[in-house]
>>> print(open('query.txt').read())   # compact mmCIF, C-alpha atoms and all ligand atoms
# COMPACT_ATOMS: atom_id res chain seq x y z
CA MET J 12 121.28 83.20 78.13
CA THR J 13 124.55 82.73 80.03
CA ASP J 14 124.42 78.94 79.63
CA ASP J 15 121.90 76.19 78.81
CA SER J 16 119.92 76.49 82.02
CA LEU J 17 120.20 79.97 83.55
CA PRO J 18 118.65 83.00 81.86
CA ALA J 19 120.91 86.06 82.24
CA LEU J 20 120.01 88.58 84.92
CA VAL J 21 120.22 91.85 82.98
CA GLY J 22 117.78 94.03 84.91
CA PRO J 23 116.14 96.26 85.66
CA VAL J 24 115.55 94.70 89.10
CA GLU J 25 112.71 96.13 91.18
CA VAL J 26 112.97 95.66 94.95
CA VAL J 27 109.73 96.02 96.91
CA GLY J 28 110.63 96.72 100.56
CA ALA J 29 113.95 98.54 100.97
CA GLY J 30 114.71 97.18 104.45
CA LEU J 31 117.49 94.88 105.65
CA ILE J 32 117.03 92.13 103.05
CA GLY J 33 115.66 94.20 100.16
CA THR J 34 118.42 96.81 100.37
CA SER J 35 121.06 94.06 100.65
CA VAL J 36 119.76 92.48 97.40
CA ALA J 37 119.57 95.93 95.79
CA LEU J 38 123.17 96.73 96.79
CA VAL J 39 124.40 93.49 95.17
CA CYS J 40 122.48 94.22 91.96
CA SER J 41 123.62 97.87 91.83
CA ARG J 42 127.22 96.80 92.27
CA LEU J 43 126.80 94.38 89.37
CA GLY J 44 125.91 97.44 87.28
CA LEU J 45 122.23 96.50 86.95
CA GLU J 46 119.55 99.18 87.02
CA VAL J 47 117.75 98.86 90.38
CA VAL J 48 114.46 100.54 91.23
CA LEU J 49 113.04 100.62 94.75
CA ARG J 50 109.48 100.66 96.08
CA ASP J 51 108.65 101.14 99.78
CA THR J 52 105.78 102.54 101.83
CA SER J 53 108.37 104.30 104.00
CA GLU J 54 109.76 107.43 102.32
CA GLU J 55 112.54 107.46 104.89
CA ASN J 56 113.71 103.92 104.10
CA LEU J 57 113.57 104.71 100.37
CA ARG J 58 115.73 107.80 100.88
CA THR J 59 118.19 105.89 103.06
CA ALA J 60 118.50 102.98 100.61
CA HIS J 61 118.97 105.45 97.75
CA GLY J 62 121.65 107.25 99.77
CA LEU J 63 123.47 103.95 100.29
CA GLY J 64 123.67 103.48 96.51
CA ALA J 65 121.05 100.71 96.39
CA GLY J 66 118.98 102.24 93.55
CA ARG J 67 116.40 104.92 92.80
CA ALA J 68 112.66 105.20 93.49
CA VAL J 69 110.50 103.32 90.98
CA THR J 70 108.46 105.24 88.38
CA SER J 71 105.35 104.17 86.46
CA SER J 72 107.39 103.79 83.26
CA ASP J 73 109.85 101.26 84.71
CA ARG J 74 109.69 97.75 83.14
CA PRO J 75 111.60 95.38 85.48
CA GLN J 76 112.91 92.00 84.35
CA LEU J 77 112.74 90.72 87.95
CA VAL J 78 110.81 91.93 91.00
CA VAL J 79 112.13 90.95 94.44
CA VAL J 80 109.50 91.28 97.18
CA ALA J 81 111.14 91.88 100.59
CA VAL J 82 108.32 93.22 102.78
CA PRO J 83 107.18 91.88 106.20
CA PRO J 84 105.50 88.43 106.06
CA ALA J 85 101.94 89.73 106.56
CA ARG J 86 102.32 91.99 103.48
CA ILE J 87 104.05 89.48 101.19
CA ALA J 88 101.06 87.94 99.39
CA ASP J 89 99.57 91.39 98.54
CA ALA J 90 102.95 92.62 97.32
CA ILE J 91 103.48 89.53 95.11
CA VAL J 92 99.98 89.86 93.60
CA GLY J 93 100.64 93.59 93.03
CA ALA J 94 103.92 92.87 91.23
CA LEU J 95 102.40 90.10 89.06
CA THR J 96 99.44 92.23 88.00
CA ARG J 97 101.24 95.53 87.26
CA SER J 98 104.21 94.00 85.36
CA GLY J 99 105.16 91.08 83.12
CA ALA J 100 108.28 90.47 85.22
CA VAL J 101 109.43 87.32 86.97
CA VAL J 102 108.56 87.80 90.65
CA THR J 103 110.27 86.28 93.67
CA ASP J 104 109.99 87.00 97.38
CA VAL J 105 112.48 86.52 100.20
CA GLY J 106 109.94 85.78 102.93
CA SER J 107 110.77 83.41 105.78
CA VAL J 108 107.71 81.16 105.20
CA LYS J 109 106.71 79.84 101.77
CA ALA J 110 103.50 77.73 101.71
CA ALA J 111 100.95 80.25 103.09
CA PRO J 112 101.87 83.17 100.77
CA LEU J 113 101.88 80.81 97.75
CA GLU J 114 98.40 79.59 98.62
CA ALA J 115 97.15 83.17 99.01
CA VAL J 116 98.69 84.29 95.70
CA ALA J 117 97.42 81.21 93.81
CA ALA J 118 93.87 82.04 94.94
CA ARG J 119 94.10 85.55 93.45
CA VAL J 120 95.93 85.26 90.09
CA GLY J 121 95.52 83.06 87.01
CA ALA J 122 97.87 80.19 86.12
CA ALA J 123 99.74 82.24 83.49
CA ASP J 124 100.65 84.95 85.98
CA LEU J 125 101.35 82.42 88.74
CA ALA J 126 103.91 80.74 86.43
CA ARG J 127 106.08 83.88 86.74
CA TYR J 128 106.18 83.64 90.54
CA VAL J 129 108.93 81.60 92.24
CA GLY J 130 109.32 81.87 96.02
CA SER J 131 112.73 82.02 97.65
CA HIS J 132 114.34 82.55 101.05
CA PRO J 133 117.93 83.59 101.81
CA MET J 134 119.20 81.90 104.97
CA ALA J 135 121.03 85.02 106.03
CA GLY J 136 119.93 87.99 108.03
CA SER J 137 120.43 89.88 111.22
CA GLU J 138 118.72 90.79 114.46
CA ARG J 139 118.65 94.35 113.04
CA SER J 140 116.06 95.74 110.62
CA GLY J 141 115.97 98.50 108.02
CA PRO J 142 118.26 99.62 105.20
CA LEU J 143 121.05 100.82 107.50
CA ALA J 144 121.65 97.21 108.56
CA ALA J 145 121.95 96.09 104.90
CA SER J 146 125.14 94.74 103.35
CA ALA J 147 126.06 93.54 99.88
CA ALA J 148 128.06 90.76 101.60
CA LEU J 149 125.08 89.48 103.62
CA PHE J 150 124.39 86.44 101.44
CA ASP J 151 127.97 85.41 100.75
CA GLY J 152 128.35 81.63 101.06
CA ARG J 153 124.86 81.18 102.56
CA PRO J 154 122.17 78.73 101.50
CA TRP J 155 119.23 80.38 99.72
CA ALA J 156 116.10 78.23 99.35
CA VAL J 157 114.31 78.38 95.97
CA THR J 158 110.80 76.95 96.28
CA PRO J 159 109.07 76.66 92.88
CA HIS J 160 105.43 75.52 92.76
CA ALA J 161 104.38 72.82 90.30
CA GLY J 162 103.26 75.36 87.67
CA ALA J 163 106.34 77.59 87.79
CA ASP J 164 107.99 78.46 84.46
CA PRO J 165 111.46 76.84 84.41
CA ARG J 166 112.90 80.06 82.96
CA ALA J 167 111.50 82.00 85.93
CA VAL J 168 113.11 79.46 88.28
CA GLY J 169 116.38 79.87 86.37
CA LEU J 170 116.27 83.66 86.68
CA VAL J 171 115.69 83.49 90.43
CA GLU J 172 118.60 81.04 90.77
CA ALA J 173 120.74 83.44 88.71
CA LEU J 174 119.95 86.18 91.27
CA VAL J 175 120.87 83.84 94.13
CA LEU J 176 124.23 83.03 92.50
CA GLU J 177 124.95 86.71 91.79
CA CYS J 178 124.36 87.36 95.52
CA GLY J 179 127.14 84.85 96.27
CA ALA J 180 124.68 82.38 97.83
CA ALA J 181 124.03 78.70 97.11
CA PRO J 182 120.56 77.91 95.70
CA VAL J 183 118.81 74.98 97.42
CA ARG J 184 115.63 73.82 95.67
CA MET J 185 112.83 72.65 97.94
CA ALA J 186 109.06 72.26 97.90
CA PRO J 187 107.34 75.08 99.85
CA ASP J 188 105.89 72.72 102.54
CA GLU J 189 109.20 70.98 103.09
CA HIS J 190 110.94 74.35 103.32
CA ASP J 191 108.53 75.44 106.06
CA ARG J 192 109.16 72.29 108.09
CA ALA J 193 112.93 72.78 107.63
CA VAL J 194 112.97 76.41 108.78
CA ALA J 195 110.75 75.60 111.76
CA ARG J 196 113.64 73.38 112.93
CA ILE J 197 116.72 75.36 111.87
CA SER J 198 115.49 78.94 112.29
CA HIS J 199 112.17 79.36 114.12
CA LEU J 200 112.80 76.96 117.02
CA PRO J 201 116.36 78.32 117.58
CA HIS J 202 114.87 81.80 117.60
CA LEU J 203 112.31 80.86 120.26
CA ALA J 204 114.95 79.08 122.35
CA ALA J 205 117.05 82.28 122.28
CA VAL J 206 114.00 84.34 123.25
CA LEU J 207 113.23 82.11 126.24
CA VAL J 208 116.81 82.24 127.50
CA ALA J 209 117.06 86.02 126.95
CA GLY J 210 113.71 86.49 128.71
CA ARG J 211 115.32 85.14 131.92
CA LEU J 212 117.80 88.05 131.72
CA ALA J 213 115.35 90.92 131.36
CA SER J 214 114.92 91.55 135.07
CA ALA J 215 118.00 89.72 136.35
CA PRO J 216 120.05 91.35 139.13
CA ALA J 217 122.80 93.63 137.76
CA GLU J 218 125.51 91.62 139.57
CA HIS J 219 124.42 88.47 137.71
CA LEU J 220 124.46 90.25 134.36
CA ALA J 221 127.93 91.67 135.10
CA LEU J 222 129.33 88.14 134.71
CA SER J 223 127.98 87.76 131.14
CA GLY J 224 130.51 86.07 128.86
CA GLN J 225 130.48 84.87 125.28
CA GLY J 226 128.20 81.90 125.94
CA VAL J 227 125.12 83.93 126.82
CA ARG J 228 125.84 86.36 123.97
CA ASP J 229 126.10 83.46 121.45
CA VAL J 230 122.84 81.92 122.62
CA THR J 231 120.76 85.13 122.77
CA ARG J 232 121.86 87.32 119.80
CA VAL J 233 118.82 86.69 117.62
CA ALA J 234 116.43 87.41 120.52
CA ALA J 235 117.10 91.12 119.85
CA SER J 236 115.11 90.86 116.56
CA ASP J 237 111.94 92.83 115.77
CA PRO J 238 109.01 91.17 117.65
CA ALA J 239 106.50 92.35 114.99
CA LEU J 240 108.47 90.56 112.23
CA TRP J 241 108.78 87.36 114.27
CA HIS J 242 105.15 87.37 115.29
CA GLN J 243 104.27 87.33 111.58
CA ILE J 244 106.80 84.56 110.82
CA LEU J 245 105.46 82.35 113.62
CA GLU J 246 101.85 83.02 112.68
CA ALA J 247 102.55 81.89 109.10
CA ASN J 248 104.33 78.69 110.20
CA SER J 249 102.48 77.87 113.42
CA GLU J 250 101.73 74.22 112.64
CA ALA J 251 105.34 73.14 112.06
CA VAL J 252 106.56 75.26 114.98
CA LEU J 253 103.98 73.80 117.37
CA ASP J 254 105.02 70.23 116.45
CA LEU J 255 108.62 71.02 117.40
CA LEU J 256 107.66 72.91 120.56
CA ALA J 257 105.78 69.81 121.74
CA GLU J 258 108.97 67.76 121.25
CA VAL J 259 110.97 70.35 123.16
CA ARG J 260 108.42 70.32 125.99
CA ALA J 261 108.93 66.55 126.31
CA ASP J 262 112.72 67.08 126.26
CA LEU J 263 112.43 69.75 128.94
CA ASP J 264 110.40 67.42 131.16
CA ALA J 265 113.03 64.68 130.71
CA LEU J 266 115.80 67.16 131.49
CA MET J 267 114.07 68.34 134.67
CA ARG J 268 113.57 64.73 135.79
CA ALA J 269 117.24 63.94 135.14
CA VAL J 270 118.46 67.02 137.07
CA ALA J 271 116.05 66.39 139.97
CA ALA J 272 117.11 62.73 140.25
CA ASP J 273 120.78 63.68 139.78
CA SER J 274 120.84 60.96 137.12
CA ALA J 275 124.28 61.17 135.48
CA PRO J 276 123.57 58.70 132.62
CA ASP J 277 120.34 60.47 131.67
CA LEU J 278 121.95 63.90 131.86
CA VAL J 279 125.00 62.82 129.87
CA GLU J 280 122.74 61.32 127.20
CA ILE J 281 120.83 64.61 126.89
CA LEU J 282 124.07 66.63 126.75
CA ALA J 283 125.58 64.25 124.18
CA ARG J 284 122.50 64.65 121.98
CA GLY J 285 123.32 68.37 121.96
CA ASN J 286 126.86 67.55 120.80
CA ALA J 287 125.45 65.40 118.00
CA GLY J 288 123.10 68.19 116.96
CA THR J 289 125.80 70.85 116.69
CA ALA J 290 128.05 68.41 114.79
CA ALA J 291 125.21 67.77 112.33
CA ILE J 292 125.11 71.43 111.18
CA PRO J 293 126.94 71.62 107.82
CA GLY J 294 130.03 73.80 107.56
CA LYS J 295 130.44 76.85 105.33
CA HIS J 296 129.33 76.41 101.71
CA GLY J 297 127.36 73.29 102.70
CA GLY J 298 130.49 71.17 103.26
CA PRO J 299 131.12 69.10 106.37
CA ALA J 300 131.71 71.10 109.56
CA ARG J 301 135.44 71.61 110.09
CA PRO J 302 136.67 71.66 113.68
CA THR J 303 137.73 75.16 114.72
CA ARG J 304 139.59 76.68 117.64
CA SER J 305 139.54 80.18 119.07
CA VAL J 306 142.71 82.26 119.32
CA PHE J 307 142.40 85.21 121.72
CA VAL J 308 144.48 88.33 121.10
CA SER J 309 144.62 91.66 122.98
CA VAL J 310 144.23 94.53 120.53
CA PRO J 311 145.22 98.07 121.65
CA ASP J 312 142.41 100.61 121.33
CA HIS J 313 144.08 102.65 118.52
CA PRO J 314 142.91 103.24 114.96
CA GLY J 315 144.35 100.67 112.56
CA GLU J 316 145.23 97.98 115.13
CA LEU J 317 142.50 95.55 114.04
CA ALA J 318 143.50 96.01 110.41
CA ARG J 319 147.11 95.26 111.41
CA LEU J 320 146.01 92.07 113.22
CA PHE J 321 144.01 90.85 110.21
CA GLY J 322 146.90 91.79 107.91
CA ASP J 323 149.33 89.77 110.06
CA ALA J 324 146.99 86.75 110.08
CA GLY J 325 146.80 87.03 106.28
CA GLU J 326 150.60 87.17 105.95
CA ILE J 327 150.92 84.17 108.29
CA GLY J 328 148.56 82.40 105.86
CA VAL J 329 145.76 81.52 108.26
CA ASN J 330 142.16 81.95 107.17
CA ILE J 331 139.89 83.60 109.77
CA GLU J 332 136.57 81.73 109.83
CA ASP J 333 134.87 84.05 112.30
CA VAL J 334 135.70 86.92 114.61
CA HIS J 335 134.28 88.34 117.84
CA ILE J 336 135.42 91.53 119.52
CA ASP J 337 134.78 92.08 123.19
CA HIS J 338 135.55 95.71 123.92
CA ASP J 339 135.05 96.90 127.45
CA PRO J 340 135.03 100.75 127.11
CA GLY J 341 136.77 100.97 130.49
CA ARG J 342 139.90 99.17 129.22
CA PRO J 343 142.57 100.41 126.77
CA VAL J 344 142.62 97.06 124.91
CA GLY J 345 139.92 94.95 123.33
CA LEU J 346 139.93 91.17 123.41
CA THR J 347 139.62 89.77 119.90
CA GLU J 348 138.65 86.16 119.31
CA LEU J 349 139.83 84.79 115.98
CA VAL J 350 138.11 81.53 115.06
CA VAL J 351 140.41 79.48 112.82
CA GLU J 352 140.70 75.90 111.60
CA ARG J 353 141.86 73.80 114.56
CA GLY J 354 145.05 72.64 112.85
CA SER J 355 146.23 76.25 112.23
CA ALA J 356 145.67 77.61 115.75
CA ASP J 357 149.09 76.81 117.25
CA ARG J 358 150.94 78.16 114.22
CA LEU J 359 148.89 81.38 114.33
CA LEU J 360 149.48 81.84 118.08
CA ALA J 361 153.26 81.39 117.75
CA ALA J 362 153.53 83.65 114.69
CA LEU J 363 151.41 86.42 116.25
CA GLU J 364 153.47 86.30 119.46
CA SER J 365 156.69 86.58 117.43
CA ARG J 366 155.22 89.74 115.85
CA GLY J 367 154.63 91.28 119.30
CA TRP J 368 150.93 90.53 119.83
CA THR J 369 149.73 89.56 123.33
CA THR J 370 147.79 86.30 123.04
CA HIS J 371 145.87 84.40 125.68
CA ARG J 372 146.57 80.68 125.78
N1 LIG A 401 115.52 89.71 109.04
C1 LIG A 401 116.06 88.59 108.62
O1 LIG A 401 117.01 88.09 109.18
C2 LIG A 401 115.44 87.93 107.41
C3 LIG A 401 116.18 86.95 106.73
C4 LIG A 401 115.64 86.35 105.59
C5 LIG A 401 114.36 86.72 105.16
N2 LIG A 401 113.67 87.67 105.84
C6 LIG A 401 112.34 88.04 105.33
O2 LIG A 401 112.54 89.19 104.51
C7 LIG A 401 111.41 90.06 104.59
C8 LIG A 401 111.90 91.45 104.98
O3 LIG A 401 112.50 91.39 106.25
P1 LIG A 401 113.54 92.52 106.71
O4 LIG A 401 114.27 91.97 107.87
O5 LIG A 401 114.29 93.05 105.53
O6 LIG A 401 112.50 93.62 107.22
P2 LIG A 401 112.72 95.20 107.33
O7 LIG A 401 111.75 95.69 108.35
O8 LIG A 401 114.16 95.54 107.49
O9 LIG A 401 112.24 95.72 105.89
C9 LIG A 401 110.93 95.64 105.42
C10 LIG A 401 110.71 96.85 104.50
O10 LIG A 401 109.45 96.70 103.84
C11 LIG A 401 108.79 97.98 103.84
N3 LIG A 401 107.37 97.73 103.64
C12 LIG A 401 106.45 97.31 104.57
N4 LIG A 401 105.25 97.12 103.97
C13 LIG A 401 105.43 97.42 102.65
C14 LIG A 401 104.58 97.40 101.52
N5 LIG A 401 103.31 97.02 101.62
N6 LIG A 401 105.09 97.78 100.31
C15 LIG A 401 106.37 98.20 100.21
N7 LIG A 401 107.22 98.23 101.24
C16 LIG A 401 106.77 97.84 102.45
C17 LIG A 401 109.20 98.59 105.17
O11 LIG A 401 109.00 99.98 105.17
C18 LIG A 401 110.66 98.18 105.24
O12 LIG A 401 111.50 99.12 104.58
C19 LIG A 401 110.47 89.44 105.61
O13 LIG A 401 109.41 88.81 104.92
C20 LIG A 401 111.32 88.44 106.36
O14 LIG A 401 110.55 87.32 106.77
C21 LIG A 401 114.18 88.29 106.93
O1 LIG A 402 121.45 85.56 111.56
C1 LIG A 402 120.34 85.95 111.93
O2 LIG A 402 120.23 86.99 112.53
C2 LIG A 402 119.14 85.16 111.62
O3 LIG A 402 118.47 84.81 112.49
C3 LIG A 402 118.84 84.89 110.24
C4 LIG A 402 117.71 83.91 109.96
C5 LIG A 402 118.06 82.52 110.54
O4 LIG A 402 117.33 82.03 111.38
O5 LIG A 402 119.06 81.96 110.10
C6 LIG A 402 116.44 84.41 110.50
C7 LIG A 402 115.30 84.41 109.82
C8 LIG A 402 115.29 84.37 108.37
O6 LIG A 402 114.12 83.90 107.82
C9 LIG A 402 116.49 83.79 107.81
C10 LIG A 402 117.65 83.81 108.49
>>> encode(input="query.txt", output="structure tokens", more="lines below")
Ligand SMILES: NC(=O)c1ccc[n+]([C@@H]2O[C@H](COP(=O)([O-])OP(=O)(O)OC[C@H]3O[C@@H](n4cnc5c(N)ncnc54)[C@H](O)[C@@H]3O)[C@@H](O)[C@H]2O)c1
Ligand SMILES: O=C(O)C(=O)C[C@]1(C(=O)O)C=C[C@@H](O)C=C1
Amino acid sequence: MTDDSLPALVGPVEVVGAGLIGTSVALVCSRLGLEVVLRDTSEENLRTAHGLGAGRAVTSSDRPQLVVVAVPPARIADAIVGALTRSGAVVTDVGSVKAAPLEAVAARVGAADLARYVGSHPMAGSERSGPLAASAALFDGRPWAVTPHAGADPRAVGLVEALVLECGAAPVRMAPDEHDRAVARISHLPHLAAVLVAGRLASAPAEHLALSGQGVRDVTRVAASDPALWHQILEANSEAVLDLLAEVRADLDALMRAVAADSAPDLVEILARGNAGTAAIPGKHGGPARPTRSVFVSVPDHPGELARLFGDAGEIGVNIEDVHIDHDPGRPVGLTELVVERGSADRLLAALESRGWTTHR
């Protein structure tokens, strides 16, 4: 035990599904020096994850302390049942929906085995799939839901929370049903909104698309995700998603009425509700959102220039909260957007200019 509440994570850790999320967890555990064994139906993904240093293929003699199930949603319940029945390990999964898999697992294993299962869900990911998109830094500073059922062994819950903390994430305990309603709002609806907006672009005229700026990129990034994965997520959480879609349909009707009537008060009220919604999203590490400002810098297209820019920002003492790089291959410079705390932006601009950087005010 590391302290009174958290059992120590000592390994071996078995990861079932060496894709984006599974390989990211495996990379963290390998870097901690834990023994990590991998199981995947795809030989290619296993080889790739192994090549990245995420662990080795599982053997029948392995005895994991913890199994992390990271397969697509439609395969999760089978994979959890498989892990509970072939080993005495604590088992967690990282699936995007929690209530349906729990119900399916509870119908197939006894209470003693079910006690070793604790669902979880890292609120971090990517529009990309597979082990090549994995990163040990993926979970850093992110919320990670831990969703124990009523019969879960507290030591199993503690071990899963120990994994979450080792991944650099913040455990957030929640009941499975509540979790599913929460992610319908903060993940599944945003995903569908992005998909609908991106769908308007698919056959847009090239001259319209040529004007694309950061706004459309911000709003549509996640729409590039794997449709098969998202079909399974939506299928598993259809009730909560449908409730929200009905609310959005009513909002869309109100918006269309306000635009058609050119009703400024109604439109402003709708737009202001959007402001209130973005302000309600917590900042990094769950704290209040801190106002930020973007500083735009031209970066010459030479090796080492980005590193020099980040180094200069570090020496100036300004923390970079986020970064976007817009590199038009036809131009010899890239435009880099550094997102910094609002109060530091002017100081950063002046100090970068004095070091010879071209900024855009
Ligand atoms: N993509 C995200 O942003 C994200 C974020 C958080 C949670 N999740 C959840 O994590 C899980 C994995 O998603 P991902 O994005 O890593 O997917 P992925 O496609 O990158 O990886 C899934 C892996 O599971 C393997 N696999 C499929 N069926 C298997 C089986 N029966 N046994 C063993 N391996 C099997 C695949 O070959 C693949 O390597 C999903 O349940 C998803 O809902 C995804
Ligand atoms: O950043 C992204 O690419 C994501 O969409 C990640 C995201 C999310 O909606 O936040 C997507 C689905 C997962 O279940 C968890 C995380």
>>> closest_atom_pairs(input="query.txt", of="chain J", to="ligand LIG 402 (chain A)", cutoff="8 Å", atoms="only C-alpha atoms and all ligand atoms", output="Markdown table")
| residue | atom | partner | partner_atom | distance |
| --- | --- | --- | --- | --- |
| J:Gly106 | CA | A:LIG402 | O6 | 6.7 |
| J:Ser107 | CA | A:LIG402 | O6 | 4.0 |
| J:Val108 | CA | A:LIG402 | O6 | 7.4 |
| J:His132 | CA | A:LIG402 | O6 | 6.9 |
| J:Pro133 | CA | A:LIG402 | C9 | 6.2 |
| J:Met134 | CA | A:LIG402 | C10 | 4.3 |
| J:Ala135 | CA | A:LIG402 | C10 | 4.4 |
| J:Gly136 | CA | A:LIG402 | C3 | 4.0 |
| J:Ser137 | CA | A:LIG402 | O2 | 3.2 |
| J:Glu138 | CA | A:LIG402 | O2 | 4.5 |
| J:Arg139 | CA | A:LIG402 | O2 | 7.5 |
| J:Val194 | CA | A:LIG402 | O4 | 7.6 |
| J:Ile197 | CA | A:LIG402 | O4 | 6.7 |
| J:Ser198 | CA | A:LIG402 | O4 | 3.7 |
| J:His199 | CA | A:LIG402 | O4 | 6.4 |
| J:Pro201 | CA | A:LIG402 | O4 | 7.3 |
| J:His202 | CA | A:LIG402 | O4 | 6.7 |
| J:Arg232 | CA | A:LIG402 | O2 | 7.5 |
| J:Val233 | CA | A:LIG402 | O2 | 5.3 |
| J:Ser236 | CA | A:LIG402 | O2 | 7.6 |
| J:Ile244 | CA | A:LIG402 | O6 | 7.9 |
>>> closest_atom_pairs(input="query.txt", of="chain J", to="ligand LIG 401 (chain A)", cutoff="6 Å", atoms="all atoms listed in the file", output="tab-separated table")
residue	atom	partner	partner_atom	distance
J:Val27	CA	A:LIG401	C15	5.2
J:Gly28	CA	A:LIG401	O10	3.5
J:Ala29	CA	A:LIG401	O12	4.4
J:Gly30	CA	A:LIG401	O9	3.2
J:Leu31	CA	A:LIG401	O5	3.7
J:Ile32	CA	A:LIG401	O5	3.8
J:Gly33	CA	A:LIG401	O5	5.7
J:Arg50	CA	A:LIG401	C15	5.7
J:Asp51	CA	A:LIG401	N7	3.6
J:Thr52	CA	A:LIG401	N7	4.6
J:Ser53	CA	A:LIG401	O11	4.5
J:Asn56	CA	A:LIG401	O12	5.3
J:Ala81	CA	A:LIG401	C7	4.4
J:Val82	CA	A:LIG401	O10	3.8
J:Pro83	CA	A:LIG401	O13	4.0
J:Pro84	CA	A:LIG401	O13	4.1
J:Arg86	CA	A:LIG401	N5	5.5
J:Val105	CA	A:LIG401	O2	5.1
J:Gly106	CA	A:LIG401	O13	3.7
J:Ser107	CA	A:LIG401	O14	4.0
J:His132	CA	A:LIG401	C5	5.9
J:Pro133	CA	A:LIG401	C4	5.2
J:Met134	CA	A:LIG401	C4	5.7
J:Ala135	CA	A:LIG401	C3	5.3
J:Gly136	CA	A:LIG401	O1	3.1
J:Ser137	CA	A:LIG401	O1	4.4
J:Ser140	CA	A:LIG401	O8	3.7
J:Gly141	CA	A:LIG401	O8	3.5
>>> closest_residue(input="query.txt", among="J:Leu278, J:Ala186, J:Leu253, J:Ala37", to="Leu63 of chain J", atoms="all atoms listed in the file")
J:Ala37
>>> closest_atom_pairs(input="query.txt", of="segment 169-242 of chain J", to="segment 339-360 of chain J", cutoff="12 Å", atoms="only C-alpha atoms", output="CSV")
residue,atom,partner,partner_atom,distance
J:Ala221,CA,J:Asp339,CA,11.7
J:Gly224,CA,J:Asp339,CA,11.8
J:Gln225,CA,J:Glu348,CA,10.2
>>> closest_residue(input="query.txt", among="J:Ala122, J:Ala290, J:Val171, J:Ala193", to="Lys109 of chain J", atoms="only C-alpha atoms")
J:Ala193
>>> residues_near_point(input="query.txt", point="(120.8, 98.8, 91.2)", cutoff="9 Å", atoms="all atoms listed in the file", output="PDB file with C-alpha atoms, in the coordinates of the input")
ATOM      1  CA  GLY J  22     117.780  94.030  84.910  1.00  0.00           C
ATOM      2  CA  PRO J  23     116.140  96.260  85.660  1.00  0.00           C
ATOM      3  CA  VAL J  24     115.550  94.700  89.100  1.00  0.00           C
ATOM      4  CA  GLU J  25     112.710  96.130  91.180  1.00  0.00           C
ATOM      5  CA  VAL J  36     119.760  92.480  97.400  1.00  0.00           C
ATOM      6  CA  ALA J  37     119.570  95.930  95.790  1.00  0.00           C
ATOM      7  CA  LEU J  38     123.170  96.730  96.790  1.00  0.00           C
ATOM      8  CA  VAL J  39     124.400  93.490  95.170  1.00  0.00           C
ATOM      9  CA  CYS J  40     122.480  94.220  91.960  1.00  0.00           C
ATOM     10  CA  SER J  41     123.620  97.870  91.830  1.00  0.00           C
ATOM     11  CA  ARG J  42     127.220  96.800  92.270  1.00  0.00           C
ATOM     12  CA  LEU J  43     126.800  94.380  89.370  1.00  0.00           C
ATOM     13  CA  GLY J  44     125.910  97.440  87.280  1.00  0.00           C
ATOM     14  CA  LEU J  45     122.230  96.500  86.950  1.00  0.00           C
ATOM     15  CA  GLU J  46     119.550  99.180  87.020  1.00  0.00           C
ATOM     16  CA  VAL J  47     117.750  98.860  90.380  1.00  0.00           C
ATOM     17  CA  VAL J  48     114.460 100.540  91.230  1.00  0.00           C
ATOM     18  CA  LEU J  49     113.040 100.620  94.750  1.00  0.00           C
ATOM     19  CA  GLY J  64     123.670 103.480  96.510  1.00  0.00           C
ATOM     20  CA  ALA J  65     121.050 100.710  96.390  1.00  0.00           C
ATOM     21  CA  GLY J  66     118.980 102.240  93.550  1.00  0.00           C
ATOM     22  CA  ARG J  67     116.400 104.920  92.800  1.00  0.00           C
TER      23      ARG J  67
END
>>> closest_residue(input="query.txt", among="J:Ala111, J:Val168, J:Val116, J:Ala94", to="Leu20 of chain J", atoms="only C-alpha atoms")
J:Val168
>>> closest_residue(input="query.txt", among="J:Asp188, J:Gly322, J:Ser98, J:Val310", to="Thr370 of chain J", atoms="only C-alpha atoms")
J:Val310
>>> closest_residue(input="query.txt", among="J:Ala117, J:Ile87, J:Ala167, J:Leu222", to="Ala100 of chain J", atoms="all atoms listed in the file")
J:Ala167
>>> closest_residue(input="query.txt", among="J:Ala291, J:Ala60, J:Ala213, J:Leu200", to="Ala145 of chain J", atoms="all atoms listed in the file")
J:Ala60
>>> build_atoms(input="query.txt", residues="segment 16-21 of chain J", atoms="N, CA and C atoms", output="mmCIF file, keeping the file's coordinate frame")
data_model
loop_
_atom_site.group_PDB
_atom_site.id
_atom_site.type_symbol
_atom_site.label_atom_id
_atom_site.label_comp_id
_atom_site.auth_asym_id
_atom_site.auth_seq_id
_atom_site.Cartn_x
_atom_site.Cartn_y
_atom_site.Cartn_z
ATOM 1 N N SER J 16 121.021 76.539 81.064
ATOM 2 C CA SER J 16 119.920 76.490 82.020
ATOM 3 C C SER J 16 119.547 77.839 82.636
ATOM 4 N N LEU J 17 120.504 78.742 82.805
ATOM 5 C CA LEU J 17 120.200 79.970 83.550
ATOM 6 C C LEU J 17 120.011 81.170 82.626
ATOM 7 N N PRO J 18 118.816 81.764 82.611
ATOM 8 C CA PRO J 18 118.650 83.000 81.860
ATOM 9 C C PRO J 18 119.530 84.079 82.492
ATOM 10 N N ALA J 19 120.037 85.016 81.683
ATOM 11 C CA ALA J 19 120.910 86.060 82.240
ATOM 12 C C ALA J 19 120.080 87.073 83.020
ATOM 13 N N LEU J 20 120.638 87.507 84.137
ATOM 14 C CA LEU J 20 120.010 88.580 84.920
ATOM 15 C C LEU J 20 120.569 89.889 84.365
ATOM 16 N N VAL J 21 119.727 90.621 83.619
ATOM 17 C CA VAL J 21 120.220 91.850 82.980
ATOM 18 C C VAL J 21 119.557 93.092 83.549
#
